[in-house]
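Engineer: data04.tsv is reproduced below (TSV, C-alpha atoms).
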chain	number	residue	atom	x	y	z
O	16	MET	CA	0.00	0.00	0.00
O	17	LYS	CA	1.17	3.52	-0.78
O	18	LEU	CA	0.23	6.05	1.91
O	19	VAL	CA	0.51	9.83	1.72
O	20	THR	CA	-0.04	12.77	4.03
O	21	CYS	CA	-2.12	15.47	2.36
O	22	SER	CA	-2.45	19.11	3.36
O	23	ALA	CA	-6.09	20.17	3.79
O	24	ALA	CA	-7.86	23.23	5.19
O	25	ALA	CA	-8.89	21.37	8.33
O	26	GLY	CA	-5.43	19.84	8.85
O	27	ASP	CA	-3.39	16.96	7.49
O	28	ARG	CA	-5.24	13.95	6.10
O	29	ILE	CA	-4.02	10.44	5.41
O	30	GLY	CA	-4.56	9.16	1.89
O	31	VAL	CA	-3.94	5.99	-0.08
O	32	LEU	CA	-2.25	6.55	-3.42
O	33	ASP	CA	-3.62	4.55	-6.34
O	34	SER	CA	-0.71	4.89	-8.76
O	35	ALA	CA	-2.47	3.06	-11.60
O	36	ALA	CA	-5.45	5.43	-11.51
O	37	GLY	CA	-3.37	8.48	-10.64
O	38	VAL	CA	-5.59	9.37	-7.69
O	39	VAL	CA	-5.40	9.75	-3.92
O	40	ARG	CA	-8.20	8.28	-1.82
O	41	ASP	CA	-8.77	10.17	1.43
O	42	VAL	CA	-9.01	7.57	4.20
O	43	GLY	CA	-9.21	10.01	7.10
O	44	ASP	CA	-12.80	9.05	7.89
O	45	LEU	CA	-11.76	5.41	8.30
O	46	LEU	CA	-9.44	6.40	11.13
O	47	PRO	CA	-10.01	8.05	14.53
O	48	PRO	CA	-10.10	11.88	14.31
O	49	GLY	CA	-6.67	13.45	14.29
O	50	THR	CA	-4.85	10.26	13.31
O	51	GLY	CA	-1.54	11.01	11.60
O	52	MET	CA	1.02	8.81	9.90
O	53	LEU	CA	2.85	8.00	13.13
O	54	GLU	CA	-0.36	6.67	14.69
O	55	VAL	CA	-1.12	4.68	11.53
O	56	ILE	CA	2.32	3.05	11.71
O	57	GLU	CA	2.05	2.32	15.43
O	58	ARG	CA	-1.37	0.69	15.02
O	59	TRP	CA	-0.85	-0.84	11.59
O	60	ALA	CA	-2.01	-4.29	12.70
O	61	GLU	CA	-5.39	-2.68	13.45
O	62	TYR	CA	-5.64	-0.01	10.74
O	63	GLY	CA	-3.91	-1.77	7.86
O	64	PRO	CA	-6.61	-4.37	7.17
O	65	VAL	CA	-9.33	-1.70	7.33
O	66	LEU	CA	-7.55	0.50	4.79
O	67	ALA	CA	-6.82	-2.45	2.52
O	68	GLU	CA	-10.46	-3.51	2.50
O	69	ARG	CA	-12.25	-0.17	2.31
O	70	ALA	CA	-9.91	2.32	0.62
O	71	PRO	CA	-10.44	0.98	-2.94
O	72	ASP	CA	-14.14	1.86	-2.75
O	73	LEU	CA	-13.56	5.49	-1.77
O	74	PRO	CA	-13.65	8.33	-4.31
O	75	GLY	CA	-10.31	9.49	-5.65
O	76	THR	CA	-8.86	12.96	-6.14
O	77	PRO	CA	-6.42	13.44	-9.04
O	78	LEU	CA	-2.90	13.31	-7.68
O	79	GLU	CA	-1.88	16.54	-9.40
O	80	SER	CA	-4.53	18.48	-7.48
O	81	VAL	CA	-3.41	17.19	-4.04
O	82	ARG	CA	-0.77	19.03	-2.01
O	83	LEU	CA	1.44	16.35	-0.55
O	84	ARG	CA	3.39	16.81	2.63
O	85	ALA	CA	6.21	14.53	3.69
O	86	PRO	CA	4.61	11.15	4.47
O	87	VAL	CA	5.96	11.49	8.03
O	88	PRO	CA	5.80	15.30	8.28
O	89	ALA	CA	6.82	15.53	11.93
O	90	PRO	CA	9.02	12.60	12.99
O	91	ARG	CA	9.13	12.14	16.75
O	92	ARG	CA	12.92	12.48	16.72
O	93	ASN	CA	15.86	13.11	14.41
O	94	ILE	CA	16.30	11.15	11.21
O	95	PHE	CA	18.97	8.44	11.54
O	96	CYS	CA	21.41	8.82	8.63
O	97	VAL	CA	24.35	6.80	7.37
O	98	GLY	CA	27.44	8.27	5.74
O	99	LYS	CA	29.77	6.77	3.14
O	100	ASN	CA	27.58	3.69	2.65
O	101	TYR	CA	28.12	3.14	-1.08
O	102	ARG	CA	31.63	2.10	-2.12
O	103	GLU	CA	32.12	4.62	-4.94
O	104	HIS	CA	30.64	7.45	-2.88
O	105	ALA	CA	32.99	6.69	0.02
O	106	ALA	CA	35.85	7.06	-2.43
O	107	GLU	CA	34.61	10.31	-3.99
O	108	PHE	CA	33.91	11.77	-0.55
O	109	GLY	CA	37.41	10.88	0.59
O	110	ARG	CA	39.00	12.44	-2.51
O	111	SER	CA	36.98	15.65	-2.05
O	112	GLY	CA	38.75	16.63	1.18
O	113	TYR	CA	35.42	17.49	2.84
O	114	ASP	CA	35.72	14.62	5.29
O	115	THR	CA	39.29	14.65	6.58
O	116	PRO	CA	42.46	16.38	5.40
O	117	SER	CA	44.02	12.97	4.76
O	118	ARG	CA	41.67	12.46	1.78
O	119	SER	CA	41.32	8.80	2.68
O	120	THR	CA	39.24	6.72	0.26
O	121	ASP	CA	39.10	3.72	2.59
O	122	LEU	CA	35.73	2.15	3.30
O	123	PRO	CA	34.43	2.57	6.86
O	124	GLN	CA	34.83	-0.46	9.10
O	125	ARG	CA	31.55	0.23	10.91
O	126	PRO	CA	28.44	2.17	9.82
O	127	VAL	CA	28.96	5.94	10.09
O	128	VAL	CA	25.73	7.06	11.77
O	129	PHE	CA	24.68	10.67	12.28
O	130	SER	CA	21.36	12.51	12.56
O	131	LYS	CA	19.34	15.15	10.74
O	132	ALA	CA	16.96	17.43	12.66
O	133	THR	CA	13.23	16.88	12.31
O	134	THR	CA	12.78	20.57	11.44
O	135	ALA	CA	14.63	19.88	8.18
O	136	VAL	CA	11.75	17.71	6.90
O	137	THR	CA	9.73	19.20	4.05
O	138	GLY	CA	7.34	17.98	1.37
O	139	PRO	CA	8.11	16.03	-1.81
O	140	HIS	CA	7.41	19.01	-4.10
O	141	ASP	CA	8.23	21.94	-1.80
O	142	ASP	CA	11.00	24.43	-2.49
O	143	VAL	CA	14.30	23.94	-0.67
O	144	ASP	CA	15.66	27.06	1.04
O	145	SER	CA	19.15	27.83	-0.23
O	146	HIS	CA	19.98	29.69	3.02
O	147	PRO	CA	22.12	32.43	1.46
O	148	GLY	CA	24.50	33.87	4.00
O	149	VAL	CA	24.60	30.56	5.88
O	150	THR	CA	25.99	28.28	3.17
O	151	ALA	CA	27.45	28.71	-0.30
O	152	GLU	CA	28.07	25.01	-1.01
O	153	LEU	CA	24.74	23.24	-1.24
O	154	ASP	CA	24.71	19.61	-2.32
O	155	TYR	CA	22.17	16.83	-2.96
O	156	GLU	CA	22.12	13.23	-1.76
O	157	GLY	CA	19.40	10.88	-3.02
O	158	GLU	CA	18.66	8.11	-0.53
O	159	LEU	CA	16.35	5.20	0.15
O	160	ALA	CA	14.83	5.61	3.62
O	161	VAL	CA	13.49	2.88	5.88
O	162	ILE	CA	10.51	3.48	8.17
O	163	ILE	CA	10.49	1.39	11.34
O	164	GLY	CA	7.26	-0.37	12.31
O	165	SER	CA	7.77	-2.59	15.31
O	166	GLY	CA	10.39	-0.95	17.47
O	167	GLY	CA	12.87	-2.58	19.77
O	168	ARG	CA	16.40	-2.76	21.11
O	169	GLY	CA	19.00	-5.38	20.35
O	170	ILE	CA	17.32	-6.40	17.10
O	171	PRO	CA	19.29	-9.28	15.52
O	172	ARG	CA	20.25	-9.04	11.88
O	173	ASP	CA	18.20	-12.06	10.86
O	174	ARG	CA	15.01	-10.46	12.22
O	175	ALA	CA	15.72	-6.86	11.25
O	176	LEU	CA	13.44	-6.71	8.20
O	177	ASP	CA	10.53	-7.85	10.39
O	178	HIS	CA	10.82	-4.44	12.07
O	179	VAL	CA	10.50	-2.48	8.81
O	180	TRP	CA	7.06	-0.98	8.21
O	181	GLY	CA	7.88	0.62	4.89
O	182	TYR	CA	10.10	2.73	2.66
O	183	THR	CA	10.28	6.25	1.26
O	184	ILE	CA	12.74	8.58	-0.50
O	185	ILE	CA	14.83	11.31	1.12
O	186	ASN	CA	17.08	14.02	-0.29
O	187	ASP	CA	19.76	14.46	2.35
O	188	VAL	CA	20.48	18.05	1.30
O	189	THR	CA	23.85	19.06	2.72
O	190	ALA	CA	25.64	22.36	3.33
O	191	ARG	CA	29.13	21.07	2.56
O	192	ASP	CA	30.96	24.13	3.89
O	193	LEU	CA	29.24	23.75	7.27
O	194	GLN	CA	29.95	20.04	7.26
O	195	ARG	CA	33.63	20.72	6.59
O	196	ASP	CA	34.19	23.78	8.76
O	197	HIS	CA	32.45	22.48	11.90
O	198	LYS	CA	34.11	19.07	11.61
O	199	GLN	CA	30.83	17.30	12.35
O	200	TRP	CA	27.72	16.68	10.28
O	201	LEU	CA	24.67	17.78	12.28
O	202	LEU	CA	24.70	21.49	11.35
O	203	GLY	CA	25.52	20.89	7.70
O	204	LYS	CA	22.73	18.35	7.39
O	205	SER	CA	19.95	20.01	9.40
O	206	LEU	CA	19.14	23.40	7.89
O	207	ASP	CA	15.39	24.01	7.55
O	208	THR	CA	13.82	22.32	4.46
O	209	HIS	CA	16.97	20.26	3.87
O	210	CYS	CA	15.21	16.91	4.22
O	211	PRO	CA	12.64	16.59	1.44
O	212	MET	CA	10.76	13.31	1.92
O	213	GLY	CA	8.21	11.37	-0.10
O	214	PRO	CA	6.15	11.43	-2.18
O	215	CYS	CA	4.64	8.45	-0.36
O	216	ALA	CA	5.41	5.78	2.20
O	217	VAL	CA	5.27	2.32	0.64
O	218	THR	CA	4.54	-0.59	2.96
O	219	ALA	CA	7.14	-3.34	3.19
O	220	ASP	CA	4.91	-5.98	1.60
O	221	GLU	CA	5.23	-4.10	-1.70
O	222	VAL	CA	9.05	-4.20	-1.50
O	223	PRO	CA	9.95	-7.89	-1.11
O	224	ASP	CA	13.63	-7.27	-1.93
O	225	PRO	CA	14.84	-3.75	-1.09
O	226	ALA	CA	18.33	-4.64	-2.35
O	227	ALA	CA	16.88	-4.86	-5.88
O	228	LEU	CA	15.65	-1.26	-5.87
O	229	GLU	CA	17.33	1.25	-8.17
O	230	LEU	CA	17.92	4.87	-7.18
O	231	GLU	CA	18.41	7.72	-9.64
O	232	THR	CA	19.04	11.42	-9.00
O	233	LEU	CA	18.68	14.06	-11.70
O	234	VAL	CA	19.67	17.73	-11.48
O	235	ASN	CA	17.97	19.87	-14.11
O	236	GLY	CA	17.22	16.68	-16.07
O	237	GLU	CA	20.82	15.38	-16.00
O	238	THR	CA	21.43	12.03	-14.31
O	239	ARG	CA	23.95	12.49	-11.51
O	240	GLN	CA	23.41	9.37	-9.38
O	241	LEU	CA	22.38	5.87	-10.47
O	242	ALA	CA	22.82	2.80	-8.29
O	243	LEU	CA	21.22	-0.34	-6.94
O	244	VAL	CA	20.55	-0.62	-3.21
O	245	LYS	CA	22.44	-3.92	-3.26
O	246	ASP	CA	25.62	-1.83	-3.56
O	247	LEU	CA	25.30	-0.60	0.04
O	248	VAL	CA	28.43	-1.24	2.11
O	249	PHE	CA	26.26	-2.01	5.15
O	250	ASP	CA	22.84	-3.35	4.16
O	251	ILE	CA	19.52	-2.55	5.81
O	252	PRO	CA	19.55	-5.48	8.29
O	253	GLU	CA	23.08	-4.51	9.37
O	254	LEU	CA	22.08	-0.87	9.88
O	255	ILE	CA	19.03	-1.78	11.97
O	256	SER	CA	21.02	-4.24	14.05
O	257	THR	CA	23.84	-1.74	14.62
O	258	ILE	CA	21.64	1.22	15.57
O	259	SER	CA	19.35	-0.81	17.80
O	260	ALA	CA	22.19	-2.54	19.66
O	261	GLY	CA	21.90	-0.07	22.52
O	262	THR	CA	19.31	2.44	21.26
O	263	THR	CA	15.63	1.56	21.23
O	264	LEU	CA	14.10	2.10	17.80
O	265	LEU	CA	10.55	3.44	17.88
O	266	PRO	CA	7.63	3.00	15.47
O	267	GLY	CA	7.87	5.68	12.79
O	268	ASP	CA	11.62	6.20	13.12
O	269	VAL	CA	13.15	7.06	9.75
O	270	LEU	CA	16.53	5.67	8.71
O	271	ALA	CA	18.21	7.10	5.60
O	272	THR	CA	20.50	4.40	4.26
O	273	GLY	CA	23.16	6.49	2.47
O	274	THR	CA	23.76	8.02	-0.94
O	275	PRO	CA	25.59	6.63	-3.99
O	276	ALA	CA	28.35	8.28	-6.02
O	277	GLY	CA	27.60	11.34	-8.12
O	278	VAL	CA	27.06	14.06	-5.51
O	279	GLY	CA	28.20	17.60	-6.28
O	280	ILE	CA	31.51	17.37	-4.42
O	281	GLY	CA	32.38	14.30	-6.47
O	282	PHE	CA	33.02	16.49	-9.52
O	283	ASP	CA	36.15	18.52	-10.23
O	284	PRO	CA	35.38	21.34	-9.76
O	285	PRO	CA	32.41	20.63	-7.44
O	286	ARG	CA	28.94	21.20	-8.91
O	287	PHE	CA	26.98	22.81	-6.11
O	288	LEU	CA	23.27	23.57	-6.30
O	289	ARG	CA	22.12	27.06	-7.24
O	290	SER	CA	18.79	28.86	-6.96
O	291	GLY	CA	16.41	27.58	-9.62
O	292	ASP	CA	17.99	24.13	-9.87
O	293	VAL	CA	15.55	21.21	-9.76
O	294	VAL	CA	16.54	17.95	-8.07
O	295	GLU	CA	14.52	14.81	-8.85
O	296	ILE	CA	15.07	11.50	-7.07
O	297	THR	CA	13.34	8.27	-8.01
O	298	VAL	CA	13.48	4.83	-6.43
O	299	SER	CA	11.88	1.81	-8.10
O	300	GLY	CA	8.19	1.68	-7.16
O	301	LEU	CA	8.45	4.47	-4.59
O	302	GLY	CA	7.71	7.42	-6.85
O	303	ARG	CA	9.54	10.66	-7.55
O	304	LEU	CA	10.77	13.32	-5.12
O	305	ARG	CA	11.05	16.66	-6.96
O	306	ASN	CA	12.23	19.89	-5.33
O	307	ARG	CA	13.38	23.24	-6.63
O	308	ILE	CA	16.14	25.22	-4.92
O	309	ALA	CA	14.56	28.55	-3.94
Would you mind writing the structure in this file as structure tokens?

Structural biologist:
Amino acid sequence: MKLVTCSAAAGDRIGVLDSAAGVVRDVGDLLPPGTGMLEVIERWAEYGPVLAERAPDLPGTPLESVRLRAPVPAPRRNIFCVGKNYREHAAEFGRSGYDTPSRSTDLPQRPVVFSKATTAVTGPHDDVDSHPGVTAELDYEGELAVIIGSGGRGIPRDRALDHVWGYTIINDVTARDLQRDHKQWLLGKSLDTHCPMGPCAVTADEVPDPAALELETLVNGETRQLALVKDLVFDIPELISTISAGTTLLPGDVLATGTPAGVGIGFDPPRFLRSGDVVEITVSGLGRLRNRIA
């Protein structure tokens, strides 16, 4: 099932996206008043069968006339992110000098985990603030994101996918100069609107093999990134097992799995984003995230 969060006059509404028909079916009346995506995820065992049975009979609104918000517009805590998790990207990042002065292209021995503030989250078609005066080196990072369903701590690798509720797309927009100058990643990753998410959240049953998904990022129509998720250095079960080893994962937590080669700092000279640029990220079966740099 493909779920969306829609902006409406009376507040956000949950919808089911019918990709074949190109419509969104508002399912808000099938849920308790005020139910948002986090509540849907937490109570999926109860709400999922109801939506599956009754949503197809509801009227649809053309997708192009619906204003989509991020599927999880207000995560309960920071997005978990993973750095240098595709082999070729780890190498290009090392060569760029934005990580360490040593310009090491070695692969990390353990997952490099950092976070991105919840206030960075924005919708799948919203403008991205370029933050002039704060950063002059804005970059894109297309990523597959995992949405946790059943939470827990100490989740073993062989049961990790049982804890995945679904998947979505994230653009881990990055202020590279802040990332470099502050010698840590939180500030450079967390500027407002620098986490476009969506367009929908696709339940795990529709993604039987996430490793087979293909990710593509275009800037102004030019392909910059193209990779299969199977090329991750640390796969999704490993990431879930590592993060949950001593930190309890909660329903609705979002985990961005890393970006492949082809980011702006991978070019010589770097190709940073400018006002008016349009970044489009697609992942097989998950739709298209499209944002303009304001």

Engineer: In Å, rounded to a single decimal, give me how far atom CA of O:Cys21 is from atom CA of O:Thr208.

Structural biologist: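 One can read the atom CA of O:Thr208 to atom CA of O:Cys21 distance as 17.5 Å.
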
Engineer: For a cut-off of 8 Å around (15.1, -0.8, 20.5), file coordinates, pick out all residues using only C-alpha atoms and list them as a PyMOL selection string.

Structural biologist: chain O and resi 166-170+259-265

Engineer: Set the distance at 10 Å and use all atoms listed in the file: which residues neighbour O:Arg125 once local chain neighbours fewer than 5 positions away are removed? I'd like the list as a ChimeraX atom specification.

Structural biologist: /O:100,248-249,253-254,257

Engineer: Hey, could you make a per-residue contact list for stretch 66-147 of chain O against stretch 188-196 of chain O with 12 Å as the cut-off, showing the nearest pair of atoms and its distance in Å to one decimal, counting only C-alpha atoms, sorted by chain and number, as CSV?

Structural biologist:
residue,atom,partner,partner_atom,distance
O:Cys96,CA,O:Val188,CA,11.8
O:Gly98,CA,O:Thr189,CA,11.8
O:Phe108,CA,O:Arg191,CA,10.9
O:Ser111,CA,O:Arg195,CA,10.6
O:Gly112,CA,O:Arg195,CA,8.5
O:Tyr113,CA,O:Arg195,CA,5.3
O:Asp114,CA,O:Arg195,CA,6.6
O:Thr115,CA,O:Arg195,CA,8.3
O:Pro116,CA,O:Arg195,CA,9.9
O:Phe129,CA,O:Gln194,CA,11.9
O:Lys131,CA,O:Val188,CA,9.9
O:Ala132,CA,O:Val188,CA,11.9
O:Ala135,CA,O:Val188,CA,9.2
O:Val136,CA,O:Val188,CA,10.4
O:Thr137,CA,O:Val188,CA,11.2
O:Val143,CA,O:Val188,CA,8.8
O:Asp144,CA,O:Val188,CA,10.2
O:Ser145,CA,O:Ala190,CA,9.2
O:His146,CA,O:Ala190,CA,9.3
O:Pro147,CA,O:Ala190,CA,10.8

Engineer: For the residues selected in the previous step, produce a file with C-alpha atoms as a PDB file, keeping the file's coordinate frame.

Structural biologist:
ATOM      1  CA  CYS O  96      21.410   8.820   8.630  1.00  0.00           C
ATOM      2  CA  GLY O  98      27.440   8.270   5.740  1.00  0.00           C
ATOM      3  CA  PHE O 108      33.910  11.770  -0.550  1.00  0.00           C
ATOM      4  CA  SER O 111      36.980  15.650  -2.050  1.00  0.00           C
ATOM      5  CA  GLY O 112      38.750  16.630   1.180  1.00  0.00           C
ATOM      6  CA  TYR O 113      35.420  17.490   2.840  1.00  0.00           C
ATOM      7  CA  ASP O 114      35.720  14.620   5.290  1.00  0.00           C
ATOM      8  CA  THR O 115      39.290  14.650   6.580  1.00  0.00           C
ATOM      9  CA  PRO O 116      42.460  16.380   5.400  1.00  0.00           C
ATOM     10  CA  PHE O 129      24.680  10.670  12.280  1.00  0.00           C
ATOM     11  CA  LYS O 131      19.340  15.150  10.740  1.00  0.00           C
ATOM     12  CA  ALA O 132      16.960  17.430  12.660  1.00  0.00           C
ATOM     13  CA  ALA O 135      14.630  19.880   8.180  1.00  0.00           C
ATOM     14  CA  VAL O 136      11.750  17.710   6.900  1.00  0.00           C
ATOM     15  CA  THR O 137       9.730  19.200   4.050  1.00  0.00           C
ATOM     16  CA  VAL O 143      14.300  23.940  -0.670  1.00  0.00           C
ATOM     17  CA  ASP O 144      15.660  27.060   1.040  1.00  0.00           C
ATOM     18  CA  SER O 145      19.150  27.830  -0.230  1.00  0.00           C
ATOM     19  CA  HIS O 146      19.980  29.690   3.020  1.00  0.00           C
ATOM     20  CA  PRO O 147      22.120  32.430   1.460  1.00  0.00           C
TER      21      PRO O 147
END

Engineer: Please, what distance in Å, to one decimal, runs between atom CA of O:Pro285 and atom CA of O:Thr232?

Structural biologist: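 Atom-to-atom, atom CA of O:Pro285 and atom CA of O:Thr232 are spaced 16.3 Å apart.
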
Engineer: Which residues are close to O:Ile308, i.e. within 12 Å by all atoms listed in the file, leaving aside same-chain residues fewer than 5 positions away? Reply as number ranges by chain.

Structural biologist: O: 140-147, 153-155, 188, 208-209, 211, 234-235, 287-295

Engineer: Nearest to O:Glu152 among O:Met212, O:Ala219, O:Ala226, O:Ile280, with distances taken over only C-alpha atoms: which residue is it?

Structural biologist: O:Ile280

Engineer: Using only C-alpha atoms, give me every residue within 7 Å of (-7.4, 6.7, -2.9) in file coordinates, as a list in words.

Structural biologist: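 Those residues, ordered by chain and then number, are Gly30, Val31, Leu32, Asp33, Val38, Val39, Arg40, Asp41, Ala70, Pro71, Leu73, Pro74 and Gly75 of chain O.
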
Engineer: Give me, as JSON lines, the closest atom pair and its distance (Å, one decimal) for every residue of stretch 243-290 of chain O within a cut-off of 9 Å of stretch 53-63 of chain O, counting only C-alpha atoms, rows sorted by chain and rising number.

Structural biologist:
{"residue": "O:Leu265", "atom": "CA", "partner": "O:Glu57", "partner_atom": "CA", "distance": 8.9}
{"residue": "O:Pro266", "atom": "CA", "partner": "O:Glu57", "partner_atom": "CA", "distance": 5.6}
{"residue": "O:Gly267", "atom": "CA", "partner": "O:Leu53", "partner_atom": "CA", "distance": 5.5}
{"residue": "O:Asp268", "atom": "CA", "partner": "O:Leu53", "partner_atom": "CA", "distance": 9.0}

Engineer: Nearest residue to O:Leu304 out of O:Gln240, O:Ser205, O:Asn186, O:Thr274, using all atoms listed in the file?

Structural biologist: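 Of the candidates, the smallest distance to O:Leu304 is held by O:Asn186.
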
Engineer: Determine the nearest neighbour of O:Arg92 from the options O:Leu228, O:Val161, O:Val127, O:Thr133, counting all atoms listed in the file.

Structural biologist: O:Thr133

Engineer: Determine the nearest neighbour of O:Ile296 from the options O:Gly279, O:Val269, O:Ala23, O:Glu156, counting all atoms listed in the file.

Structural biologist: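 Of O:Gly279, O:Val269, O:Ala23, O:Glu156, the one nearest O:Ile296 is O:Glu156, counting all atoms listed in the file.
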
Engineer: List the neighbours of O:Thr134 out to 12 Å using all atoms listed in the file; skip same-chain residues closer than 5 positions along the sequence, and give me the result as a compact mmCIF listing (two decimals) with C-alpha atoms, in the coordinates of the input.

Structural biologist:
# COMPACT_ATOMS: atom_id res chain seq x y z
CA ALA O 85 6.21 14.53 3.69
CA VAL O 87 5.96 11.49 8.03
CA PRO O 88 5.80 15.30 8.28
CA ALA O 89 6.82 15.53 11.93
CA PRO O 90 9.02 12.60 12.99
CA ARG O 91 9.13 12.14 16.75
CA ARG O 92 12.92 12.48 16.72
CA ASN O 93 15.86 13.11 14.41
CA ILE O 94 16.30 11.15 11.21
CA LEU O 202 24.70 21.49 11.35
CA LYS O 204 22.73 18.35 7.39
CA SER O 205 19.95 20.01 9.40
CA LEU O 206 19.14 23.40 7.89
CA ASP O 207 15.39 24.01 7.55
CA THR O 208 13.82 22.32 4.46
CA HIS O 209 16.97 20.26 3.87
CA CYS O 210 15.21 16.91 4.22
CA PRO O 211 12.64 16.59 1.44

Engineer: Need the shell around O:Ala216: protein/DNA/RNA residues with any atom at most 6 Å away, counting all atoms listed in the file. Skip same-chain ones fewer than 5 positions apart. Format as a list in words?

Structural biologist: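 The residues satisfying every condition are Lys17, Leu18, Pro86, Tyr182 and Thr183 of chain O.
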
Engineer: Select, from O:Gly109, O:Gly181, O:Gly148, O:Pro252, the residue with the minimum atom-to-atom distance to O:Gly164, counting all atoms listed in the file.

Structural biologist: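 Closest to O:Gly164, using all atoms listed in the file: O:Gly181.
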
Engineer: Contacts of O:Arg102 at 12 Å or less, counting all atoms listed in the file, minus same-chain residues fewer than 2 places along, as a ChimeraX atom specification?

Structural biologist: /O:98-100,104-109,120-124,242-249,273-277

Engineer: Grab the atom CA of O:Thr297 to atom CA of O:Asp220 distance for me, in Å with one decimal place.

Structural biologist: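 Those two atoms sit 19.1 Å apart.
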
Engineer: Could you work out an axis-aligned bounding box for all listed atoms of stretch 16-24 of chain O, with 6 Å added on each of the six sides, and give its centre and edge lengths in Å to one decimal, as JSON?

Structural biologist:
{"center_x": -3.3, "center_y": 11.6, "center_z": 2.2, "size_x": 21.0, "size_y": 35.2, "size_z": 18.0}

Engineer: Between O:Arg174, O:Ile185, O:Met52, O:Leu46, which has the minimum distance to O:Arg69 (counting all atoms listed in the file)?

Structural biologist: O:Leu46

Engineer: Could you rebuild stretch 171-183 of chain O with N, CA, C and O atoms and give it back as a PDB file, in the frame of the given file?

Structural biologist:
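Saved the output as rebuild_24.pdb:
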ATOM      1  N   PRO O 171      18.287  -8.505  16.246  1.00  0.00           N
ATOM      2  CA  PRO O 171      19.290  -9.280  15.520  1.00  0.00           C
ATOM      3  C   PRO O 171      19.141  -9.089  14.008  1.00  0.00           C
ATOM      4  O   PRO O 171      18.046  -8.822  13.500  1.00  0.00           O
ATOM      5  N   ARG O 172      20.235  -9.235  13.316  1.00  0.00           N
ATOM      6  CA  ARG O 172      20.250  -9.040  11.880  1.00  0.00           C
ATOM      7  C   ARG O 172      19.209  -9.905  11.159  1.00  0.00           C
ATOM      8  O   ARG O 172      18.511  -9.436  10.262  1.00  0.00           O
ATOM      9  N   ASP O 173      19.083 -11.153  11.586  1.00  0.00           N
ATOM     10  CA  ASP O 173      18.200 -12.060  10.860  1.00  0.00           C
ATOM     11  C   ASP O 173      16.712 -11.773  11.088  1.00  0.00           C
ATOM     12  O   ASP O 173      15.860 -12.359  10.437  1.00  0.00           O
ATOM     13  N   ARG O 174      16.400 -10.849  11.996  1.00  0.00           N
ATOM     14  CA  ARG O 174      15.010 -10.460  12.220  1.00  0.00           C
ATOM     15  C   ARG O 174      14.774  -8.984  11.922  1.00  0.00           C
ATOM     16  O   ARG O 174      13.685  -8.457  12.140  1.00  0.00           O
ATOM     17  N   ALA O 175      15.799  -8.313  11.409  1.00  0.00           N
ATOM     18  CA  ALA O 175      15.720  -6.860  11.250  1.00  0.00           C
ATOM     19  C   ALA O 175      14.612  -6.434  10.288  1.00  0.00           C
ATOM     20  O   ALA O 175      13.884  -5.471  10.557  1.00  0.00           O
ATOM     21  N   LEU O 176      14.449  -7.122   9.174  1.00  0.00           N
ATOM     22  CA  LEU O 176      13.440  -6.710   8.200  1.00  0.00           C
ATOM     23  C   LEU O 176      12.021  -6.892   8.729  1.00  0.00           C
ATOM     24  O   LEU O 176      11.083  -6.266   8.225  1.00  0.00           O
ATOM     25  N   ASP O 177      11.850  -7.716   9.761  1.00  0.00           N
ATOM     26  CA  ASP O 177      10.530  -7.850  10.390  1.00  0.00           C
ATOM     27  C   ASP O 177      10.125  -6.559  11.091  1.00  0.00           C
ATOM     28  O   ASP O 177       8.940  -6.366  11.384  1.00  0.00           O
ATOM     29  N   HIS O 178      11.092  -5.697  11.373  1.00  0.00           N
ATOM     30  CA  HIS O 178      10.820  -4.440  12.070  1.00  0.00           C
ATOM     31  C   HIS O 178      10.627  -3.272  11.106  1.00  0.00           C
ATOM     32  O   HIS O 178      10.432  -2.137  11.550  1.00  0.00           O
ATOM     33  N   VAL O 179      10.684  -3.540   9.813  1.00  0.00           N
ATOM     34  CA  VAL O 179      10.500  -2.480   8.810  1.00  0.00           C
ATOM     35  C   VAL O 179       9.027  -2.386   8.434  1.00  0.00           C
ATOM     36  O   VAL O 179       8.428  -3.371   7.996  1.00  0.00           O
ATOM     37  N   TRP O 180       8.447  -1.207   8.625  1.00  0.00           N
ATOM     38  CA  TRP O 180       7.060  -0.980   8.210  1.00  0.00           C
ATOM     39  C   TRP O 180       6.986  -0.611   6.736  1.00  0.00           C
ATOM     40  O   TRP O 180       6.080  -1.021   6.023  1.00  0.00           O
ATOM     41  N   GLY O 181       7.942   0.198   6.272  1.00  0.00           N
ATOM     42  CA  GLY O 181       7.880   0.620   4.890  1.00  0.00           C
ATOM     43  C   GLY O 181       9.104   1.413   4.466  1.00  0.00           C
ATOM     44  O   GLY O 181      10.119   1.471   5.175  1.00  0.00           O
ATOM     45  N   TYR O 182       8.981   2.039   3.282  1.00  0.00           N
ATOM     46  CA  TYR O 182      10.100   2.730   2.660  1.00  0.00           C
ATOM     47  C   TYR O 182       9.634   4.042   2.039  1.00  0.00           C
ATOM     48  O   TYR O 182       8.468   4.189   1.642  1.00  0.00           O
ATOM     49  N   THR O 183      10.542   5.001   1.950  1.00  0.00           N
ATOM     50  CA  THR O 183      10.280   6.250   1.260  1.00  0.00           C
ATOM     51  C   THR O 183      11.591   6.765   0.694  1.00  0.00           C
ATOM     52  O   THR O 183      12.623   6.093   0.759  1.00  0.00           O
TER      53      THR O 183
END
